[in-house]
>>> print(open('data_22.txt').read())   # compact mmCIF, N, CA, C and O atoms
# COMPACT_ATOMS: atom_id res chain seq x y z
N MET A 16 141.69 155.91 124.38
CA MET A 16 141.53 154.51 124.08
C MET A 16 140.32 153.93 124.83
O MET A 16 139.60 153.11 124.28
N VAL A 17 140.12 154.34 126.06
CA VAL A 17 139.01 153.87 126.87
C VAL A 17 137.69 154.35 126.26
O VAL A 17 136.70 153.61 126.22
N VAL A 18 137.69 155.57 125.75
CA VAL A 18 136.49 156.13 125.16
C VAL A 18 136.09 155.33 123.92
O VAL A 18 134.91 155.05 123.70
N LEU A 19 137.10 154.94 123.12
CA LEU A 19 136.81 154.14 121.93
C LEU A 19 136.25 152.77 122.30
O LEU A 19 135.33 152.26 121.64
N SER A 20 136.77 152.17 123.36
CA SER A 20 136.27 150.88 123.82
C SER A 20 134.82 150.99 124.27
O SER A 20 133.99 150.14 123.97
N ILE A 21 134.52 152.04 124.99
CA ILE A 21 133.15 152.26 125.46
C ILE A 21 132.23 152.51 124.27
O ILE A 21 131.12 151.97 124.18
N LEU A 22 132.69 153.33 123.33
CA LEU A 22 131.91 153.63 122.13
C LEU A 22 131.66 152.35 121.32
O LEU A 22 130.55 152.12 120.83
N LEU A 23 132.68 151.51 121.20
CA LEU A 23 132.53 150.25 120.48
C LEU A 23 131.51 149.35 121.17
O LEU A 23 130.66 148.75 120.52
N ALA A 24 131.56 149.28 122.49
CA ALA A 24 130.60 148.47 123.24
C ALA A 24 129.18 149.00 123.03
O ALA A 24 128.24 148.21 122.85
N VAL A 25 129.00 150.30 123.05
CA VAL A 25 127.68 150.90 122.84
C VAL A 25 127.18 150.58 121.43
O VAL A 25 126.00 150.23 121.24
N VAL A 26 128.05 150.67 120.44
CA VAL A 26 127.66 150.38 119.06
C VAL A 26 127.28 148.91 118.92
O VAL A 26 126.26 148.57 118.30
N VAL A 27 128.06 148.01 119.51
CA VAL A 27 127.76 146.58 119.43
C VAL A 27 126.41 146.29 120.09
O VAL A 27 125.57 145.55 119.56
N ILE A 28 126.17 146.88 121.25
CA ILE A 28 124.90 146.68 121.94
C ILE A 28 123.74 147.23 121.11
O ILE A 28 122.69 146.59 121.01
N ALA A 29 123.93 148.38 120.49
CA ALA A 29 122.87 148.96 119.66
C ALA A 29 122.58 148.08 118.45
O ALA A 29 121.41 147.85 118.11
N VAL A 30 123.61 147.56 117.81
CA VAL A 30 123.42 146.69 116.65
C VAL A 30 122.71 145.40 117.07
O VAL A 30 121.79 144.94 116.39
N LEU A 31 123.10 144.83 118.18
CA LEU A 31 122.45 143.62 118.66
C LEU A 31 120.99 143.89 119.03
O LEU A 31 120.11 143.07 118.74
N ALA A 32 120.72 145.03 119.62
CA ALA A 32 119.34 145.38 119.96
C ALA A 32 118.50 145.51 118.70
O ALA A 32 117.36 145.01 118.65
N LEU A 33 119.02 146.17 117.68
CA LEU A 33 118.30 146.31 116.42
C LEU A 33 118.07 144.95 115.77
O LEU A 33 116.98 144.68 115.22
N ALA A 34 119.06 144.09 115.82
CA ALA A 34 118.91 142.74 115.25
C ALA A 34 117.82 141.97 115.99
O ALA A 34 117.00 141.28 115.37
N LEU A 35 117.79 142.07 117.30
CA LEU A 35 116.76 141.38 118.08
C LEU A 35 115.37 141.93 117.78
O LEU A 35 114.39 141.18 117.73
N ILE A 36 115.28 143.23 117.56
CA ILE A 36 113.99 143.83 117.20
C ILE A 36 113.51 143.28 115.86
O ILE A 36 112.34 142.95 115.70
N GLU A 37 114.42 143.15 114.90
CA GLU A 37 114.06 142.59 113.59
C GLU A 37 113.65 141.12 113.71
O GLU A 37 112.71 140.68 113.06
N VAL A 38 114.35 140.38 114.54
CA VAL A 38 113.99 138.97 114.76
C VAL A 38 112.60 138.89 115.36
O VAL A 38 111.77 138.07 114.95
N ARG A 39 112.30 139.76 116.33
CA ARG A 39 110.98 139.77 116.95
C ARG A 39 109.90 140.09 115.91
O ARG A 39 108.85 139.44 115.88
N ARG A 40 110.15 141.05 115.04
CA ARG A 40 109.18 141.38 113.99
C ARG A 40 108.93 140.18 113.08
O ARG A 40 107.80 139.87 112.72
N GLY A 41 110.02 139.53 112.70
CA GLY A 41 109.88 138.35 111.85
C GLY A 41 109.10 137.24 112.52
O GLY A 41 108.27 136.58 111.90
N LEU A 42 109.35 137.02 113.80
CA LEU A 42 108.64 135.98 114.54
C LEU A 42 107.16 136.32 114.69
O LEU A 42 106.31 135.43 114.60
N ARG A 43 106.86 137.59 114.90
CA ARG A 43 105.45 137.98 114.99
C ARG A 43 104.74 137.78 113.66
O ARG A 43 103.59 137.34 113.61
N HIS A 44 105.43 138.11 112.58
CA HIS A 44 104.86 137.91 111.24
C HIS A 44 104.62 136.41 111.00
O HIS A 44 103.55 136.02 110.50
N ALA A 45 105.59 135.59 111.33
CA ALA A 45 105.45 134.15 111.17
C ALA A 45 104.32 133.61 112.04
O ALA A 45 103.55 132.75 111.62
N SER A 46 104.21 134.14 113.25
CA SER A 46 103.15 133.71 114.16
C SER A 46 101.78 134.04 113.58
O SER A 46 100.85 133.22 113.66
N ALA A 47 101.64 135.21 113.00
CA ALA A 47 100.35 135.59 112.40
C ALA A 47 100.03 134.67 111.23
O ALA A 47 98.88 134.23 111.07
N GLY A 48 101.03 134.35 110.42
CA GLY A 48 100.81 133.43 109.30
C GLY A 48 100.43 132.04 109.77
O GLY A 48 99.55 131.39 109.21
N LEU A 49 101.07 131.57 110.83
CA LEU A 49 100.74 130.26 111.38
C LEU A 49 99.35 130.23 111.98
O LEU A 49 98.65 129.22 111.88
N ALA A 50 98.94 131.33 112.59
CA ALA A 50 97.59 131.40 113.13
C ALA A 50 96.55 131.32 112.01
O ALA A 50 95.53 130.63 112.14
N THR A 51 96.82 131.99 110.90
CA THR A 51 95.93 131.92 109.74
C THR A 51 95.87 130.50 109.20
O THR A 51 94.79 129.98 108.88
N LEU A 52 97.02 129.87 109.10
CA LEU A 52 97.08 128.49 108.61
C LEU A 52 96.33 127.55 109.55
O LEU A 52 95.60 126.66 109.09
N ALA A 53 96.48 127.73 110.85
CA ALA A 53 95.78 126.88 111.82
C ALA A 53 94.27 127.02 111.66
O ALA A 53 93.54 126.03 111.69
N GLY A 54 93.80 128.24 111.47
CA GLY A 54 92.37 128.45 111.26
C GLY A 54 91.88 127.76 109.99
O GLY A 54 90.81 127.14 109.99
N ALA A 55 92.66 127.86 108.93
CA ALA A 55 92.27 127.21 107.67
C ALA A 55 92.25 125.69 107.83
O ALA A 55 91.33 125.02 107.34
N LEU A 56 93.23 125.14 108.53
CA LEU A 56 93.28 123.70 108.73
C LEU A 56 92.11 123.22 109.59
O LEU A 56 91.56 122.14 109.35
N GLU A 57 91.74 124.00 110.58
CA GLU A 57 90.58 123.63 111.40
C GLU A 57 89.31 123.61 110.55
O GLU A 57 88.45 122.74 110.72
N GLY A 58 89.20 124.56 109.65
CA GLY A 58 88.04 124.58 108.75
C GLY A 58 88.00 123.37 107.84
O GLY A 58 86.95 122.75 107.64
N VAL A 59 89.14 123.01 107.28
CA VAL A 59 89.21 121.83 106.42
C VAL A 59 88.86 120.58 107.20
O VAL A 59 88.09 119.72 106.73
N GLU A 60 89.39 120.47 108.40
CA GLU A 60 89.10 119.31 109.23
C GLU A 60 87.61 119.21 109.53
O GLU A 60 86.99 118.14 109.40
N ALA A 61 87.02 120.33 109.92
CA ALA A 61 85.60 120.32 110.29
C ALA A 61 84.70 120.02 109.09
O ALA A 61 83.72 119.28 109.21
N GLU A 62 85.03 120.58 107.94
CA GLU A 62 84.16 120.44 106.78
C GLU A 62 84.38 119.16 106.00
O GLU A 62 83.45 118.63 105.40
N HIS A 63 85.60 118.67 105.97
CA HIS A 63 85.92 117.57 105.06
C HIS A 63 86.37 116.28 105.76
O HIS A 63 86.06 115.19 105.27
N LEU A 64 87.10 116.41 106.84
CA LEU A 64 87.66 115.20 107.45
C LEU A 64 86.74 114.56 108.47
O LEU A 64 86.59 113.34 108.50
N ARG A 65 86.14 115.34 109.32
CA ARG A 65 85.25 114.76 110.36
C ARG A 65 84.10 113.97 109.77
O ARG A 65 83.76 112.91 110.29
N PRO A 66 83.46 114.45 108.69
CA PRO A 66 82.37 113.64 108.11
C PRO A 66 82.85 112.28 107.59
O PRO A 66 82.05 111.36 107.47
N LEU A 67 84.12 112.15 107.27
CA LEU A 67 84.64 110.88 106.76
C LEU A 67 84.99 109.89 107.86
O LEU A 67 85.26 108.72 107.57
N GLU A 68 84.99 110.33 109.11
CA GLU A 68 85.46 109.48 110.20
C GLU A 68 84.72 108.15 110.29
O GLU A 68 85.36 107.10 110.43
N PRO A 69 83.38 108.11 110.21
CA PRO A 69 82.71 106.80 110.29
C PRO A 69 83.15 105.84 109.17
O PRO A 69 83.35 104.65 109.42
N ALA A 70 83.30 106.36 107.97
CA ALA A 70 83.73 105.51 106.85
C ALA A 70 85.15 105.00 107.07
O ALA A 70 85.45 103.83 106.80
N VAL A 71 86.02 105.85 107.57
CA VAL A 71 87.40 105.45 107.83
C VAL A 71 87.45 104.37 108.91
O VAL A 71 88.17 103.38 108.79
N ARG A 72 86.64 104.53 109.94
CA ARG A 72 86.60 103.51 111.00
C ARG A 72 86.10 102.17 110.45
O ARG A 72 86.61 101.11 110.80
N ALA A 73 85.09 102.21 109.59
CA ALA A 73 84.57 100.97 109.00
C ALA A 73 85.62 100.29 108.12
O ALA A 73 85.81 99.07 108.17
N ILE A 74 86.32 101.07 107.32
CA ILE A 74 87.37 100.52 106.45
C ILE A 74 88.50 99.94 107.30
O ILE A 74 89.00 98.84 107.02
N ASN A 75 88.90 100.65 108.35
CA ASN A 75 89.95 100.15 109.23
C ASN A 75 89.54 98.85 109.91
O ASN A 75 90.36 97.95 110.11
N ALA A 76 88.27 98.73 110.27
CA ALA A 76 87.78 97.49 110.87
C ALA A 76 87.90 96.33 109.88
O ALA A 76 88.31 95.22 110.27
N GLN A 77 87.58 96.58 108.62
CA GLN A 77 87.74 95.54 107.61
C GLN A 77 89.20 95.15 107.42
O GLN A 77 89.54 93.98 107.28
N PHE A 78 90.08 96.16 107.44
CA PHE A 78 91.51 95.86 107.34
C PHE A 78 91.99 95.04 108.53
O PHE A 78 92.83 94.15 108.37
N ASP A 79 91.48 95.32 109.71
CA ASP A 79 91.86 94.53 110.89
C ASP A 79 91.47 93.07 110.70
O ASP A 79 92.23 92.16 111.05
N ILE A 80 90.28 92.83 110.16
CA ILE A 80 89.84 91.46 109.91
C ILE A 80 90.76 90.78 108.90
O ILE A 80 91.19 89.64 109.09
N ILE A 81 91.06 91.48 107.82
CA ILE A 81 91.93 90.92 106.78
C ILE A 81 93.31 90.62 107.35
O ILE A 81 93.88 89.55 107.12
N LEU A 82 93.87 91.58 108.08
CA LEU A 82 95.22 91.40 108.64
C LEU A 82 95.27 90.26 109.65
O LEU A 82 96.27 89.55 109.74
N SER A 83 94.20 90.07 110.40
CA SER A 83 94.21 88.98 111.37
C SER A 83 94.16 87.63 110.67
O SER A 83 94.60 86.63 111.22
N ALA A 84 93.63 87.57 109.46
CA ALA A 84 93.56 86.31 108.71
C ALA A 84 94.86 85.98 108.00
O ALA A 84 95.11 84.82 107.67
N LEU A 85 95.71 86.94 107.75
CA LEU A 85 96.92 86.71 106.96
C LEU A 85 97.88 85.68 107.56
O LEU A 85 98.41 84.85 106.82
N PRO A 86 98.13 85.66 108.87
CA PRO A 86 99.05 84.63 109.38
C PRO A 86 98.54 83.21 109.11
O PRO A 86 99.33 82.32 108.74
N GLY A 87 97.25 82.97 109.27
CA GLY A 87 96.70 81.64 108.98
C GLY A 87 96.82 81.29 107.52
O GLY A 87 97.15 80.15 107.15
N ILE A 88 96.54 82.25 106.67
CA ILE A 88 96.66 82.02 105.22
C ILE A 88 98.11 81.73 104.86
O ILE A 88 98.40 80.82 104.06
N GLY A 89 99.03 82.47 105.46
CA GLY A 89 100.45 82.24 105.20
C GLY A 89 100.90 80.86 105.64
O GLY A 89 101.68 80.18 104.95
N ALA A 90 100.42 80.42 106.79
CA ALA A 90 100.79 79.09 107.28
C ALA A 90 100.25 78.00 106.35
O ALA A 90 100.95 77.02 106.05
N LYS A 91 99.01 78.16 105.89
CA LYS A 91 98.44 77.19 104.97
C LYS A 91 99.19 77.18 103.65
O LYS A 91 99.44 76.12 103.06
N ALA A 92 99.57 78.34 103.16
CA ALA A 92 100.33 78.42 101.90
C ALA A 92 101.69 77.77 102.06
O ALA A 92 102.16 77.08 101.14
N ALA A 93 102.33 77.93 103.22
CA ALA A 93 103.62 77.29 103.46
C ALA A 93 103.47 75.78 103.49
O ALA A 93 104.33 75.05 102.95
N ALA A 94 102.40 75.29 104.10
CA ALA A 94 102.17 73.85 104.16
C ALA A 94 101.95 73.29 102.76
O ALA A 94 102.48 72.23 102.40
N VAL A 95 101.18 73.98 101.94
CA VAL A 95 100.94 73.53 100.57
C VAL A 95 102.24 73.56 99.77
O VAL A 95 102.53 72.65 98.99
N ALA A 96 103.03 74.59 99.98
CA ALA A 96 104.29 74.71 99.24
C ALA A 96 105.26 73.60 99.63
O ALA A 96 106.01 73.10 98.78
N GLU A 97 105.25 73.16 100.87
CA GLU A 97 106.14 72.06 101.29
C GLU A 97 105.73 70.74 100.66
O GLU A 97 106.58 69.91 100.37
N ARG A 98 104.45 70.53 100.47
CA ARG A 98 103.96 69.25 99.89
C ARG A 98 104.12 69.22 98.39
O ARG A 98 104.04 68.16 97.78
N ARG A 99 104.32 70.33 97.79
CA ARG A 99 104.40 70.42 96.34
C ARG A 99 105.71 69.82 95.82
O ARG A 99 106.78 70.12 96.36
N PRO A 100 105.64 68.99 94.82
CA PRO A 100 106.89 68.43 94.27
C PRO A 100 107.70 69.51 93.55
O PRO A 100 107.15 70.40 92.91
N ARG A 101 108.99 69.35 93.62
CA ARG A 101 109.87 70.35 92.98
C ARG A 101 110.50 69.81 91.75
O ARG A 101 110.96 68.86 91.45
>>> encode(input="data_22.txt", output="structure tokens")
Amino acid sequence: MVVLSILLAVVVIAVLALALIEVRRGLRHASAGLATLAGALEGVEAEHLRPLEPAVRAINAQFDIILSALPGIGAKAAAVAERRPR
């Protein structure tokens, strides 16, 4: 009975070791794929996104101006709406 218990423990440890080896292989494969993806994304950023940065900053500056004017416009619209006959 003791021999069977020891044999069972050895088998369980061997199965777990094999499972961990397979998990490691899968993680290495995923890591290689992610490294490839990271390289591709860096290329896209360098070639397509960085050149757009000045234009994006200019557009965002215009949006900031527009957004800062909205509270005043809203207050004026509310005042006009209050004076309007119903």
>>> axis_aligned_box(input="data_22.txt", around="region 59-64 of chain A", padding_each_side="3 Å", output="JSON")
{"center_x": 86.4, "center_y": 118.2, "center_z": 107.7, "size_x": 11.9, "size_y": 15.7, "size_z": 11.2}
>>> atom_distance(input="data_22.txt", atom1="atom N of Leu52 (chain A)", atom2="atom N of Glu68 (chain A)")
22.9 Å
>>> atom_distance(input="data_22.txt", atom1="atom O of Gly58 (chain A)", atom2="atom O of Leu42 (chain A)")
24.2 Å
>>> atom_distance(input="data_22.txt", atom1="atom N of His63 (chain A)", atom2="atom O of Thr51 (chain A)")
14.9 Å
>>> build_atoms(input="data_22.txt", residues="region 34-45 of chain A", atoms="all heavy atoms", output="PDB file, keeping the file's coordinate frame")
ATOM      1  N   ALA A  34     119.060 144.090 115.820  1.00  0.00           N
ATOM      2  CA  ALA A  34     118.910 142.740 115.250  1.00  0.00           C
ATOM      3  C   ALA A  34     117.820 141.970 115.990  1.00  0.00           C
ATOM      4  O   ALA A  34     117.000 141.280 115.370  1.00  0.00           O
ATOM      5  CB  ALA A  34     120.245 141.995 115.309  1.00  0.00           C
ATOM      6  N   LEU A  35     117.790 142.070 117.300  1.00  0.00           N
ATOM      7  CA  LEU A  35     116.760 141.380 118.080  1.00  0.00           C
ATOM      8  C   LEU A  35     115.370 141.930 117.780  1.00  0.00           C
ATOM      9  O   LEU A  35     114.390 141.180 117.730  1.00  0.00           O
ATOM     10  CB  LEU A  35     117.071 141.466 119.566  1.00  0.00           C
ATOM     11  CG  LEU A  35     118.251 140.612 120.048  1.00  0.00           C
ATOM     12  CD1 LEU A  35     118.553 140.904 121.505  1.00  0.00           C
ATOM     13  CD2 LEU A  35     117.957 139.143 119.844  1.00  0.00           C
ATOM     14  N   ILE A  36     115.280 143.230 117.560  1.00  0.00           N
ATOM     15  CA  ILE A  36     113.990 143.830 117.200  1.00  0.00           C
ATOM     16  C   ILE A  36     113.510 143.280 115.860  1.00  0.00           C
ATOM     17  O   ILE A  36     112.340 142.950 115.700  1.00  0.00           O
ATOM     18  CB  ILE A  36     114.097 145.371 117.191  1.00  0.00           C
ATOM     19  CG1 ILE A  36     114.265 145.877 118.631  1.00  0.00           C
ATOM     20  CG2 ILE A  36     112.889 146.004 116.512  1.00  0.00           C
ATOM     21  CD1 ILE A  36     114.646 147.343 118.731  1.00  0.00           C
ATOM     22  N   GLU A  37     114.420 143.150 114.900  1.00  0.00           N
ATOM     23  CA  GLU A  37     114.060 142.590 113.590  1.00  0.00           C
ATOM     24  C   GLU A  37     113.650 141.120 113.710  1.00  0.00           C
ATOM     25  O   GLU A  37     112.710 140.680 113.060  1.00  0.00           O
ATOM     26  CB  GLU A  37     115.222 142.747 112.607  1.00  0.00           C
ATOM     27  CG  GLU A  37     115.405 144.151 112.105  1.00  0.00           C
ATOM     28  CD  GLU A  37     114.178 144.670 111.378  1.00  0.00           C
ATOM     29  OE1 GLU A  37     113.622 143.952 110.518  1.00  0.00           O
ATOM     30  OE2 GLU A  37     113.746 145.797 111.678  1.00  0.00           O
ATOM     31  N   VAL A  38     114.350 140.380 114.540  1.00  0.00           N
ATOM     32  CA  VAL A  38     113.990 138.970 114.760  1.00  0.00           C
ATOM     33  C   VAL A  38     112.600 138.890 115.360  1.00  0.00           C
ATOM     34  O   VAL A  38     111.770 138.070 114.950  1.00  0.00           O
ATOM     35  CB  VAL A  38     115.036 138.271 115.652  1.00  0.00           C
ATOM     36  CG1 VAL A  38     114.540 136.925 116.142  1.00  0.00           C
ATOM     37  CG2 VAL A  38     116.354 138.111 114.914  1.00  0.00           C
ATOM     38  N   ARG A  39     112.300 139.760 116.330  1.00  0.00           N
ATOM     39  CA  ARG A  39     110.980 139.770 116.950  1.00  0.00           C
ATOM     40  C   ARG A  39     109.900 140.090 115.910  1.00  0.00           C
ATOM     41  O   ARG A  39     108.850 139.440 115.880  1.00  0.00           O
ATOM     42  CB  ARG A  39     110.935 140.792 118.085  1.00  0.00           C
ATOM     43  CG  ARG A  39     109.578 140.800 118.801  1.00  0.00           C
ATOM     44  CD  ARG A  39     109.522 141.786 119.908  1.00  0.00           C
ATOM     45  NE  ARG A  39     109.625 143.133 119.338  1.00  0.00           N
ATOM     46  CZ  ARG A  39     109.762 144.237 120.040  1.00  0.00           C
ATOM     47  NH1 ARG A  39     109.834 144.173 121.356  1.00  0.00           N
ATOM     48  NH2 ARG A  39     109.837 145.407 119.457  1.00  0.00           N
ATOM     49  N   ARG A  40     110.150 141.050 115.040  1.00  0.00           N
ATOM     50  CA  ARG A  40     109.180 141.380 113.990  1.00  0.00           C
ATOM     51  C   ARG A  40     108.930 140.180 113.080  1.00  0.00           C
ATOM     52  O   ARG A  40     107.800 139.870 112.720  1.00  0.00           O
ATOM     53  CB  ARG A  40     109.682 142.559 113.157  1.00  0.00           C
ATOM     54  CG  ARG A  40     109.531 143.879 113.814  1.00  0.00           C
ATOM     55  CD  ARG A  40     109.960 144.995 112.880  1.00  0.00           C
ATOM     56  NE  ARG A  40     110.069 146.239 113.615  1.00  0.00           N
ATOM     57  CZ  ARG A  40     110.852 147.250 113.278  1.00  0.00           C
ATOM     58  NH1 ARG A  40     111.597 147.159 112.188  1.00  0.00           N
ATOM     59  NH2 ARG A  40     110.894 148.339 114.000  1.00  0.00           N
ATOM     60  N   GLY A  41     110.020 139.530 112.700  1.00  0.00           N
ATOM     61  CA  GLY A  41     109.880 138.350 111.850  1.00  0.00           C
ATOM     62  C   GLY A  41     109.100 137.240 112.520  1.00  0.00           C
ATOM     63  O   GLY A  41     108.270 136.580 111.900  1.00  0.00           O
ATOM     64  N   LEU A  42     109.350 137.020 113.800  1.00  0.00           N
ATOM     65  CA  LEU A  42     108.640 135.980 114.540  1.00  0.00           C
ATOM     66  C   LEU A  42     107.160 136.320 114.690  1.00  0.00           C
ATOM     67  O   LEU A  42     106.310 135.430 114.600  1.00  0.00           O
ATOM     68  CB  LEU A  42     109.283 135.753 115.904  1.00  0.00           C
ATOM     69  CG  LEU A  42     110.652 135.061 115.873  1.00  0.00           C
ATOM     70  CD1 LEU A  42     111.252 135.037 117.274  1.00  0.00           C
ATOM     71  CD2 LEU A  42     110.550 133.659 115.311  1.00  0.00           C
ATOM     72  N   ARG A  43     106.860 137.590 114.900  1.00  0.00           N
ATOM     73  CA  ARG A  43     105.450 137.980 114.990  1.00  0.00           C
ATOM     74  C   ARG A  43     104.740 137.780 113.660  1.00  0.00           C
ATOM     75  O   ARG A  43     103.590 137.340 113.610  1.00  0.00           O
ATOM     76  CB  ARG A  43     105.329 139.434 115.444  1.00  0.00           C
ATOM     77  CG  ARG A  43     105.591 139.590 116.920  1.00  0.00           C
ATOM     78  CD  ARG A  43     105.277 140.974 117.402  1.00  0.00           C
ATOM     79  NE  ARG A  43     105.514 141.045 118.850  1.00  0.00           N
ATOM     80  CZ  ARG A  43     105.531 142.153 119.527  1.00  0.00           C
ATOM     81  NH1 ARG A  43     105.323 143.311 118.916  1.00  0.00           N
ATOM     82  NH2 ARG A  43     105.749 142.142 120.828  1.00  0.00           N
ATOM     83  N   HIS A  44     105.430 138.110 112.580  1.00  0.00           N
ATOM     84  CA  HIS A  44     104.860 137.910 111.240  1.00  0.00           C
ATOM     85  C   HIS A  44     104.620 136.410 111.000  1.00  0.00           C
ATOM     86  O   HIS A  44     103.550 136.020 110.500  1.00  0.00           O
ATOM     87  CB  HIS A  44     105.792 138.502 110.180  1.00  0.00           C
ATOM     88  CG  HIS A  44     105.281 138.371 108.793  1.00  0.00           C
ATOM     89  ND1 HIS A  44     104.213 139.087 108.323  1.00  0.00           N
ATOM     90  CD2 HIS A  44     105.685 137.572 107.772  1.00  0.00           C
ATOM     91  CE1 HIS A  44     103.986 138.754 107.067  1.00  0.00           C
ATOM     92  NE2 HIS A  44     104.863 137.835 106.713  1.00  0.00           N
ATOM     93  N   ALA A  45     105.590 135.590 111.330  1.00  0.00           N
ATOM     94  CA  ALA A  45     105.450 134.150 111.170  1.00  0.00           C
ATOM     95  C   ALA A  45     104.320 133.610 112.040  1.00  0.00           C
ATOM     96  O   ALA A  45     103.550 132.750 111.620  1.00  0.00           O
ATOM     97  CB  ALA A  45     106.759 133.439 111.496  1.00  0.00           C
TER      98      ALA A  45
END
